[in-house]
Amino acid sequence: MAVTLEEAPSLVWILVKALLRFAFMVANNVFAIPAYICYVIVLQPLRMLDSKLFWYIEGLMYKWLLGMVASWGWYAGYTVMEWGDDIKTISNDEAVMLVNHQATGDVCTLMMCLQDKGLVVAQMMWLMDHIFKYTNFGIVSLIHGDFFIRQGKLHRDQQLLLLKRHLENNYRNRDRKWIVLFPEGGFLRKRRETSQAFAKKNNLPFLTHVTLPRIGATKVILSALVARQENGSPAGGDAKELDSKSKGLQWIIDTTIAYPKAEPIDIQTWILGYRKPRVTHVHYRIFPIKDVPLETDDLSDWLYQRFIEKEDLLAHFYETVSAGVRSGVLFRRPTEYSSTTF
């Protein structure tokens with residue numbers, strides 16, 4: 001596509017701005033990440049004397065680093081609008097965020113959303129694709145205790161065992177509170193056809209805006225972290241009493257990320273800022289853990305239900321935004337389905 005003389009200055013400015021932003025990002029990483037590593041090394045004696053205080057300080061530095069990444073998008077005009085339940089009310093409790101996955105920018109979007117949620121970011125554990133281990137931020141995530149999961153059938157059983165061991169060794173020892181999980185196991189564009197073929201074969205709902213979730217990691221997390229009452233039922237929060245003091249994992253936060261026109265932001269866009277400013281919308285729905293089934297079949301149905309609801313939410317969102325609505329209710333409460341739908 002040829003560039004006109006009128007468009008040339010604008011394109012030159014976009015290129016110059018992208019180069020300046022890239023240089024700024026490199027400078028951020030060159031100074032901030034080695035500083036984080038040096039402080040962690042210097043504070044190792046404190047880790048021996050007072051492990052809880054050490055991980056508290058490490059968590060604050062981790063939060064500042066994630067705030068740095070979030071700021072790259074904010075300076076480019078990529079902002080977030082939050083909908084649904086107020087997750088600040090459970091910021092001191094243990095929770096798992098189940099998030100739909102469209103692009104690498106999903107992670108950056110969550111980094112921006114969660115900065116004002118108290119110590120959530122400092123006490124958070126991410127489950128992400130193993131490829132992130134080899135990025136500039138990989139060493140920070142390794143130190144913090146995030147888990148890198150390798151996708152594929154060949155690695156699945158082994159990875160779930162490693163996840164179980166990782167949670168036992170790192171979650172409560174480091175005073176972690178929240179876990180971020182992308183149950184779809186990959187980006188929407190990569191998994192959609194496979195998911196739809198699986199749905200057709202097994203008489204499951206045909207989804208377009210999300211894919212059917214995988215249950216393995218969710219099952220491991222719930223089995224490892226949900227506290228049990230004497231009768232064997234899960235001990236968790238009550239939806240009407242968000243100040244619950246019960247121990248163990250207490251909440252599931254069903255999180256839906258929606259991009260205008262279904263055009264997700266990737267990490268390159270977040271860094272270089274070459275696309276126009278836009279607002280990403282994030283919807284939260286909180287479920288007390290006592291309402292979540294822990295048996296495999298029932299948990300599968302429950303998890304499928306959540307992603308059917310995400311499909312409903314996103315379909316309504318895209319329809320509303322394409323109709324030109326700029327404010328008001330862009331998300332509506334999703335349709336309730338029963339397990340017989342499956």
# chains A, B, ... in the order shown; residues from 1 in each chain; ligands from 1

call {"tool": "select_by_dssp", "arguments": {"residues": "range 49-242 of chain A", "states": "alpha helix (DSSP H)", "output": "PyMOL selection string"}}
result
chain A and resi 49+51-75+105-113+138-144+153-170+188-201+216-225

call {"tool": "closest_atom_pairs", "arguments": {"of": "range 163-280 of chain A", "to": "range 99-102 of chain A", "cutoff": "12 Å", "atoms": "only C-alpha atoms", "output": "tab-separated table"}}
result
residue	atom	partner	partner_atom	distance
A:Ile179	CA	A:Val99	CA	10.7
A:Val180	CA	A:Val99	CA	7.4
A:Leu181	CA	A:Val99	CA	6.2
A:Phe182	CA	A:Val99	CA	5.0
A:Pro183	CA	A:Val99	CA	7.0
A:Glu184	CA	A:Asn100	CA	6.8
A:Gly185	CA	A:His101	CA	8.1
A:Gly186	CA	A:His101	CA	6.6
A:Phe187	CA	A:Gln102	CA	4.8
A:Leu188	CA	A:Gln102	CA	4.9
A:Arg189	CA	A:Gln102	CA	7.1
A:Lys190	CA	A:Gln102	CA	9.1
A:Arg191	CA	A:Gln102	CA	9.9
A:Arg192	CA	A:Gln102	CA	10.4
A:Thr208	CA	A:Gln102	CA	11.8
A:His209	CA	A:Gln102	CA	9.0
A:Val210	CA	A:Asn100	CA	6.7
A:Thr211	CA	A:Asn100	CA	8.3
A:Leu212	CA	A:Asn100	CA	10.0
A:Pro213	CA	A:Asn100	CA	8.9
A:Arg214	CA	A:Asn100	CA	11.7
A:Thr218	CA	A:Val99	CA	11.7
A:Ile252	CA	A:Val99	CA	10.6
A:Ile253	CA	A:Val99	CA	8.5
A:Asp254	CA	A:Val99	CA	6.6
A:Thr255	CA	A:Val99	CA	4.8
A:Thr256	CA	A:Asn100	CA	5.8
A:Ile257	CA	A:Asn100	CA	6.5
A:Ala258	CA	A:Gln102	CA	9.1
A:Tyr259	CA	A:Gln102	CA	9.2
A:Ala262	CA	A:Gln102	CA	9.1
A:Glu263	CA	A:Gln102	CA	9.0
A:Pro264	CA	A:Gln102	CA	6.3
A:Ile265	CA	A:Gln102	CA	8.5
A:Asp266	CA	A:Gln102	CA	8.8
A:Ile267	CA	A:Gln102	CA	11.7

call {"tool": "write_last_selection", "arguments": {"atoms": "C-alpha atoms", "output": "PDB file, in the first residue's frame"}}
result
ATOM      1  CA  ILE A 179      -2.509 -16.656  41.402  1.00  0.00           C
ATOM      2  CA  VAL A 180      -3.068 -15.570  37.792  1.00  0.00           C
ATOM      3  CA  LEU A 181      -4.007 -18.434  35.494  1.00  0.00           C
ATOM      4  CA  PHE A 182      -4.948 -18.529  31.808  1.00  0.00           C
ATOM      5  CA  PRO A 183      -6.923 -21.808  31.639  1.00  0.00           C
ATOM      6  CA  GLU A 184      -7.226 -21.826  27.841  1.00  0.00           C
ATOM      7  CA  GLY A 185      -3.570 -22.837  27.637  1.00  0.00           C
ATOM      8  CA  GLY A 186      -2.661 -20.501  24.781  1.00  0.00           C
ATOM      9  CA  PHE A 187      -3.695 -17.518  22.701  1.00  0.00           C
ATOM     10  CA  LEU A 188      -7.191 -17.423  21.214  1.00  0.00           C
ATOM     11  CA  ARG A 189      -5.965 -17.203  17.606  1.00  0.00           C
ATOM     12  CA  LYS A 190      -3.821 -20.318  18.052  1.00  0.00           C
ATOM     13  CA  ARG A 191      -6.296 -22.485  19.923  1.00  0.00           C
ATOM     14  CA  ARG A 192      -9.677 -21.512  18.441  1.00  0.00           C
ATOM     15  CA  THR A 208     -15.770 -17.932  18.978  1.00  0.00           C
ATOM     16  CA  HIS A 209     -14.429 -15.272  21.365  1.00  0.00           C
ATOM     17  CA  VAL A 210     -12.830 -17.706  23.833  1.00  0.00           C
ATOM     18  CA  THR A 211     -11.751 -21.356  23.761  1.00  0.00           C
ATOM     19  CA  LEU A 212     -12.716 -24.231  26.002  1.00  0.00           C
ATOM     20  CA  PRO A 213     -10.495 -24.185  29.114  1.00  0.00           C
ATOM     21  CA  ARG A 214      -8.157 -26.936  30.204  1.00  0.00           C
ATOM     22  CA  THR A 218      -6.959 -25.336  37.936  1.00  0.00           C
ATOM     23  CA  ILE A 252     -12.167 -17.464  42.332  1.00  0.00           C
ATOM     24  CA  ILE A 253     -12.110 -14.260  40.271  1.00  0.00           C
ATOM     25  CA  ASP A 254     -13.519 -14.872  36.805  1.00  0.00           C
ATOM     26  CA  THR A 255     -11.729 -12.193  34.745  1.00  0.00           C
ATOM     27  CA  THR A 256     -12.663 -11.288  31.176  1.00  0.00           C
ATOM     28  CA  ILE A 257     -10.472  -9.000  29.063  1.00  0.00           C
ATOM     29  CA  ALA A 258     -12.176  -7.296  26.113  1.00  0.00           C
ATOM     30  CA  TYR A 259     -10.450  -5.244  23.431  1.00  0.00           C
ATOM     31  CA  ALA A 262     -11.614  -7.712  19.126  1.00  0.00           C
ATOM     32  CA  GLU A 263      -8.143  -6.360  18.316  1.00  0.00           C
ATOM     33  CA  PRO A 264      -5.876  -7.377  21.207  1.00  0.00           C
ATOM     34  CA  ILE A 265      -2.756  -5.462  22.152  1.00  0.00           C
ATOM     35  CA  ASP A 266       0.512  -7.371  21.978  1.00  0.00           C
ATOM     36  CA  ILE A 267       3.700  -6.643  23.884  1.00  0.00           C
TER      37      ILE A 267
END

call {"tool": "atom_distance", "arguments": {"atom1": "CA of Val279 in chain A", "atom2": "CA of Ala70 in chain A"}}
result
13.7 Å

call {"tool": "closest_atom_pairs", "arguments": {"of": "range 81-140 of chain A", "to": "range 55-69 of chain A", "cutoff": "9 Å", "atoms": "only C-alpha atoms", "output": "Markdown table"}}
result
| residue | atom | partner | partner_atom | distance |
| --- | --- | --- | --- | --- |
| A:Cys108 | CA | A:Val69 | CA | 6.9 |
| A:Met111 | CA | A:Leu66 | CA | 6.0 |
| A:Met112 | CA | A:Gly67 | CA | 6.9 |
| A:Gln115 | CA | A:Gly67 | CA | 6.6 |
| A:Leu119 | CA | A:Leu60 | CA | 7.9 |
| A:Val120 | CA | A:Lys63 | CA | 8.7 |
| A:Val121 | CA | A:Lys63 | CA | 5.5 |
| A:Ala122 | CA | A:Gly59 | CA | 4.0 |
| A:Gln123 | CA | A:Gly59 | CA | 6.1 |
| A:Met124 | CA | A:Gly59 | CA | 8.4 |
| A:Val140 | CA | A:Tyr62 | CA | 7.7 |

call {"tool": "write_last_selection", "arguments": {"atoms": "N, CA and C atoms", "output": "CSV table (one decimal), in the first residue's frame"}}
result
chain,number,residue,atom,x,y,z
A,108,CYS,N,0.3,-7.4,30.4
A,108,CYS,CA,0.5,-6.0,30.7
A,108,CYS,C,-0.8,-5.3,31.2
A,111,MET,N,-1.2,-6.2,34.7
A,111,MET,CA,-0.3,-5.4,35.5
A,111,MET,C,-0.8,-4.0,35.8
A,112,MET,N,-1.4,-3.4,34.9
A,112,MET,CA,-2.0,-2.0,35.0
A,112,MET,C,-3.2,-2.1,36.0
A,115,GLN,N,-2.4,-2.6,40.0
A,115,GLN,CA,-1.4,-1.8,40.7
A,115,GLN,C,-2.1,-1.1,41.9
A,119,LEU,N,-1.5,-4.8,48.1
A,119,LEU,CA,-0.3,-5.6,47.9
A,119,LEU,C,-0.5,-6.8,47.0
A,120,VAL,N,-1.6,-6.8,46.3
A,120,VAL,CA,-1.9,-8.0,45.4
A,120,VAL,C,-0.8,-8.3,44.5
A,121,VAL,N,-0.2,-7.3,43.8
A,121,VAL,CA,0.8,-7.5,42.8
A,121,VAL,C,2.1,-8.0,43.5
A,122,ALA,N,2.4,-7.5,44.7
A,122,ALA,CA,3.6,-7.9,45.4
A,122,ALA,C,3.5,-9.4,45.9
A,123,GLN,N,2.2,-9.8,46.2
A,123,GLN,CA,2.0,-11.2,46.7
A,123,GLN,C,1.4,-12.1,45.7
A,124,MET,N,1.6,-11.8,44.4
A,124,MET,CA,1.0,-12.6,43.3
A,124,MET,C,1.9,-13.6,42.7
A,140,VAL,N,13.6,-12.1,36.8
A,140,VAL,CA,12.8,-11.5,37.9
A,140,VAL,C,11.7,-12.4,38.3

call {"tool": "atom_distance", "arguments": {"atom1": "CA of Phe317 in chain A", "atom2": "CA of Trp72 in chain A"}}
result
26.0 Å

call {"tool": "atom_distance", "arguments": {"atom1": "CA of Leu225 in chain A", "atom2": "CA of Ser195 in chain A"}}
result
28.5 Å

call {"tool": "closest_atom_pairs", "arguments": {"of": "range 13-87 of chain A", "to": "range 158-173 of chain A", "cutoff": "12 Å", "atoms": "only C-alpha atoms", "output": "Markdown table"}}
result
| residue | atom | partner | partner_atom | distance |
| --- | --- | --- | --- | --- |
| A:Arg47 | CA | A:Asn173 | CA | 11.5 |
| A:Asp50 | CA | A:Asn173 | CA | 11.7 |
| A:Ser51 | CA | A:Asn173 | CA | 8.3 |
| A:Lys52 | CA | A:Asn173 | CA | 8.0 |
| A:Leu53 | CA | A:Asn173 | CA | 11.5 |
| A:Phe54 | CA | A:Asn173 | CA | 11.2 |
| A:Trp55 | CA | A:Asn173 | CA | 9.0 |
| A:Tyr56 | CA | A:Asn173 | CA | 11.4 |

call {"tool": "closest_residue", "arguments": {"among": "A:Leu98, A:Ala32, A:Ala76, A:Val282", "to": "Trp251 in chain A", "atoms": "only C-alpha atoms"}}
result
A:Leu98
